[in-house]
$ cat upload-v8.pdb   # PDB, C-alpha atoms
ATOM      1  CA  MET A   7      67.371  22.050 -71.258
ATOM      2  CA  ASP A   8      66.456  24.471 -74.059
ATOM      3  CA  SER A   9      62.758  23.717 -73.565
ATOM      4  CA  LYS A  10      62.996  24.671 -69.874
ATOM      5  CA  ILE A  11      64.660  27.961 -70.749
ATOM      6  CA  HIS A  12      62.045  28.560 -73.445
ATOM      7  CA  SER A  13      59.214  27.847 -70.974
ATOM      8  CA  ILE A  14      60.711  30.161 -68.375
ATOM      9  CA  LEU A  15      61.052  32.955 -70.934
ATOM     10  CA  ILE A  16      57.428  32.542 -72.015
ATOM     11  CA  VAL A  17      56.242  32.670 -68.392
ATOM     12  CA  LEU A  18      58.312  35.769 -67.690
ATOM     13  CA  ALA A  19      57.039  37.462 -70.836
ATOM     14  CA  MET A  20      53.410  36.689 -69.935
ATOM     15  CA  SER A  21      53.909  37.913 -66.376
ATOM     16  CA  SER A  22      55.541  41.082 -67.643
ATOM     17  CA  LEU A  23      52.715  41.672 -70.087
ATOM     18  CA  PHE A  24      50.060  41.479 -67.395
ATOM     19  CA  SER A  25      51.991  43.341 -64.715
ATOM     20  CA  ASN A  26      52.912  46.276 -66.971
ATOM     21  CA  SER A  27      49.651  46.709 -68.830
ATOM     22  CA  THR A  28      46.325  48.238 -67.967
ATOM     23  CA  LEU A  29      45.117  44.665 -67.519
ATOM     24  CA  ALA A  30      47.192  44.344 -64.331
ATOM     25  CA  ASN A  31      44.234  45.232 -62.109
ATOM     26  CA  ASP A  32      41.585  44.048 -64.520
ATOM     27  CA  ASP A  33      39.232  41.233 -63.613
ATOM     28  CA  LEU A  34      40.052  39.502 -66.905
ATOM     29  CA  ALA A  35      43.733  39.032 -66.028
ATOM     30  CA  ARG A  36      42.931  38.075 -62.433
ATOM     31  CA  ASN A  37      40.294  35.553 -63.492
ATOM     32  CA  TRP A  38      42.691  34.019 -66.011
ATOM     33  CA  GLN A  39      45.311  33.539 -63.312
ATOM     34  CA  LEU A  40      42.755  32.149 -60.848
ATOM     35  CA  SER A  41      41.597  29.666 -63.475
ATOM     36  CA  LEU A  42      45.170  28.438 -63.998
ATOM     37  CA  LEU A  43      45.677  28.273 -60.251
ATOM     38  CA  PHE A  44      42.524  26.448 -59.180
ATOM     39  CA  ASN A  45      41.452  24.632 -62.359
ATOM     40  CA  PRO A  46      44.624  23.742 -64.241
ATOM     41  CA  GLY A  47      44.088  21.958 -67.498
ATOM     42  CA  GLU A  48      45.912  18.843 -68.572
ATOM     43  CA  GLN A  49      48.509  20.877 -70.482
ATOM     44  CA  GLN A  50      49.199  23.057 -67.427
ATOM     45  CA  THR A  51      49.703  20.084 -65.108
ATOM     46  CA  LYS A  52      51.875  18.353 -67.699
ATOM     47  CA  MET A  53      54.120  21.407 -68.007
ATOM     48  CA  GLU A  54      54.305  21.720 -64.205
ATOM     49  CA  SER A  55      55.343  18.070 -63.917
ATOM     50  CA  ARG A  56      58.267  18.929 -66.236
ATOM     51  CA  GLY A  57      59.376  21.764 -63.951
ATOM     52  CA  ARG A  58      57.449  24.781 -65.231
ATOM     53  CA  VAL A  59      56.885  27.465 -62.616
ATOM     54  CA  PHE A  60      54.092  29.961 -63.180
ATOM     55  CA  ILE A  61      54.413  33.443 -61.681
ATOM     56  CA  TYR A  62      51.060  34.685 -60.373
ATOM     57  CA  ASP A  63      51.043  38.474 -60.264
ATOM     58  CA  GLY A  64      48.697  40.689 -58.255
ATOM     59  CA  LEU A  65      46.451  38.075 -56.662
ATOM     60  CA  ARG A  66      44.894  38.780 -53.278
ATOM     61  CA  ASP A  67      46.490  37.351 -50.140
ATOM     62  CA  SER A  68      43.303  35.380 -49.403
ATOM     63  CA  GLU A  69      43.547  33.725 -52.843
ATOM     64  CA  VAL A  70      47.200  32.847 -52.254
ATOM     65  CA  GLU A  71      46.371  31.304 -48.861
ATOM     66  CA  ARG A  72      43.554  29.297 -50.437
ATOM     67  CA  ALA A  73      45.896  28.065 -53.168
ATOM     68  CA  LEU A  74      48.513  27.002 -50.640
ATOM     69  CA  ASP A  75      45.834  25.037 -48.762
ATOM     70  CA  GLU A  76      43.954  23.537 -51.713
ATOM     71  CA  GLN A  77      46.747  23.084 -54.263
ATOM     72  CA  TYR A  78      49.464  21.876 -51.901
ATOM     73  CA  ASP A  79      50.725  19.217 -54.334
ATOM     74  CA  ARG A  80      51.465  21.958 -56.911
ATOM     75  CA  VAL A  81      53.145  24.504 -54.609
ATOM     76  CA  GLU A  82      56.606  24.044 -56.110
ATOM     77  CA  SER A  83      55.192  25.162 -59.479
ATOM     78  CA  MET A  84      53.889  28.468 -58.108
ATOM     79  CA  MET A  85      55.448  31.836 -57.431
ATOM     80  CA  PHE A  86      53.465  34.810 -56.163
ATOM     81  CA  VAL A  87      54.502  38.448 -56.658
ATOM     82  CA  ASN A  88      52.756  41.754 -55.940
ATOM     83  CA  THR A  89      50.297  39.984 -53.645
ATOM     84  CA  VAL A  90      47.517  42.404 -52.691
ATOM     85  CA  ILE A  91      46.887  42.809 -48.956
ATOM     86  CA  THR A  92      43.203  42.530 -48.040
ATOM     87  CA  ASP A  93      41.022  43.295 -45.039
ATOM     88  CA  GLU A  94      38.922  40.754 -43.115
ATOM     89  CA  ASN A  95      36.256  40.945 -45.856
ATOM     90  CA  GLY A  96      38.757  40.166 -48.626
ATOM     91  CA  GLU A  97      38.718  43.711 -49.997
ATOM     92  CA  PRO A  98      42.060  45.254 -51.027
ATOM     93  CA  LEU A  99      43.601  47.680 -48.549
ATOM     94  CA  ARG A 100      44.665  51.009 -50.031
ATOM     95  CA  ASN A 101      47.317  53.552 -49.188
ATOM     96  CA  LYS A 102      45.550  56.493 -47.527
ATOM     97  CA  ASP A 103      47.699  59.053 -49.344
ATOM     98  CA  THR A 104      47.907  57.611 -52.859
ATOM     99  CA  GLY A 105      44.862  55.366 -53.055
ATOM    100  CA  GLU A 106      47.011  52.574 -54.499
ATOM    101  CA  MET A 107      46.428  49.010 -53.362
ATOM    102  CA  LEU A 108      48.850  47.769 -50.733
ATOM    103  CA  VAL A 109      50.998  44.821 -51.785
ATOM    104  CA  GLU A 110      53.228  42.500 -49.813
ATOM    105  CA  ASN A 111      56.953  43.041 -50.040
ATOM    106  CA  ASP A 112      58.111  39.979 -51.982
ATOM    107  CA  GLY A 113      61.794  40.896 -51.710
ATOM    108  CA  CYS A 114      62.198  41.016 -55.501
ATOM    109  CA  ASP A 115      63.093  44.710 -55.781
TER     110      ASP A 115
END
$ encode --input "upload-v8.pdb" --output "structure tokens"
Amino acid sequence: MDSKIHSILIVLAMSSLFSNSTLANDDLARNWQLSLLFNPGEQQTKMESRGRVFIYDGLRDSEVERALDEQYDRVESMMFVNTVITDENGEPLRNKDTGEMLVENDGCD
């Protein structure tokens, strides 16, 4: 039980780090998450089989849809927050007034 709590705390800390830093919109952070999502290593799949849930933060809606289609057997190990809304070309939509990217309301406010 302690290892599950420890794993959850690590995941939350990592998610917080990337969501609250300047890396939040950086390609480096996004690519790291996409790698975990679409090319999980043996350690990642082992941790998921023991109940680890990874929180993916700030991915595009098209990437989330692809993950749900291609990684269906791992869906219960995924949580998506701050999902960026994209246009038909996969480009992020932006608020006309602020210029900020539009994100889906995940109900976690």
$ residues_around --input "upload-v8.pdb" --residues "A:Leu42" --least-positions-apart "3" --cutoff "12 Å" --atoms "all atoms listed in the file" --output "MDAnalysis selection string"
chainID A and resid 35:39 45:51 54 59:62 73 77 80 83:84
$ resolve_selection --input "upload-v8.pdb" --expression "the PyMOL selection byres ((chain A and resi 98) around 12)" --output "PDB file with C-alpha atoms, in the frame of the given file"
ATOM      1  CA  ASN A  31      44.234  45.232 -62.109  1.00  0.00           C
ATOM      2  CA  GLY A  64      48.697  40.689 -58.255  1.00  0.00           C
ATOM      3  CA  LEU A  65      46.451  38.075 -56.662  1.00  0.00           C
ATOM      4  CA  ARG A  66      44.894  38.780 -53.278  1.00  0.00           C
ATOM      5  CA  ASP A  67      46.490  37.351 -50.140  1.00  0.00           C
ATOM      6  CA  SER A  68      43.303  35.380 -49.403  1.00  0.00           C
ATOM      7  CA  GLU A  69      43.547  33.725 -52.843  1.00  0.00           C
ATOM      8  CA  THR A  89      50.297  39.984 -53.645  1.00  0.00           C
ATOM      9  CA  VAL A  90      47.517  42.404 -52.691  1.00  0.00           C
ATOM     10  CA  ILE A  91      46.887  42.809 -48.956  1.00  0.00           C
ATOM     11  CA  THR A  92      43.203  42.530 -48.040  1.00  0.00           C
ATOM     12  CA  ASP A  93      41.022  43.295 -45.039  1.00  0.00           C
ATOM     13  CA  GLU A  94      38.922  40.754 -43.115  1.00  0.00           C
ATOM     14  CA  ASN A  95      36.256  40.945 -45.856  1.00  0.00           C
ATOM     15  CA  GLY A  96      38.757  40.166 -48.626  1.00  0.00           C
ATOM     16  CA  GLU A  97      38.718  43.711 -49.997  1.00  0.00           C
ATOM     17  CA  LEU A  99      43.601  47.680 -48.549  1.00  0.00           C
ATOM     18  CA  ARG A 100      44.665  51.009 -50.031  1.00  0.00           C
ATOM     19  CA  ASN A 101      47.317  53.552 -49.188  1.00  0.00           C
ATOM     20  CA  GLY A 105      44.862  55.366 -53.055  1.00  0.00           C
ATOM     21  CA  GLU A 106      47.011  52.574 -54.499  1.00  0.00           C
ATOM     22  CA  MET A 107      46.428  49.010 -53.362  1.00  0.00           C
ATOM     23  CA  LEU A 108      48.850  47.769 -50.733  1.00  0.00           C
ATOM     24  CA  VAL A 109      50.998  44.821 -51.785  1.00  0.00           C
ATOM     25  CA  GLU A 110      53.228  42.500 -49.813  1.00  0.00           C
TER      26      GLU A 110
END
$ atom_distance --input "upload-v8.pdb" --atom1 "atom CA of A:Lys102" --atom2 "atom CA of A:Asp63"
22.7 Å
$ closest_residue --input "upload-v8.pdb" --among "A:Asp32, A:Glu82, A:Asp112, A:Asp103" --to "A:Arg56" --atoms "only C-alpha atoms"
A:Glu82
$ atom_distance --input "upload-v8.pdb" --atom1 "atom CA of A:Glu76" --atom2 "atom CA of A:Leu43"
9.9 Å
$ atom_distance --input "upload-v8.pdb" --atom1 "atom CA of A:Gly113" --atom2 "atom CA of A:Ser41"
25.9 Å
$ closest_residue --input "upload-v8.pdb" --among "A:Arg58, A:Leu34, A:Thr104, A:Phe86" --to "A:Leu74" --atoms "all atoms listed in the file"
A:Phe86
$ axis_aligned_box --input "upload-v8.pdb" --around "stretch 34-46 of chain A" --padding-each-side "6 Å" --output "lines of an AutoDock Vina configuration file"
center_x = 42.9
center_y = 31.6
center_z = -63.0
size_x = 17.6
size_y = 27.8
size_z = 19.7
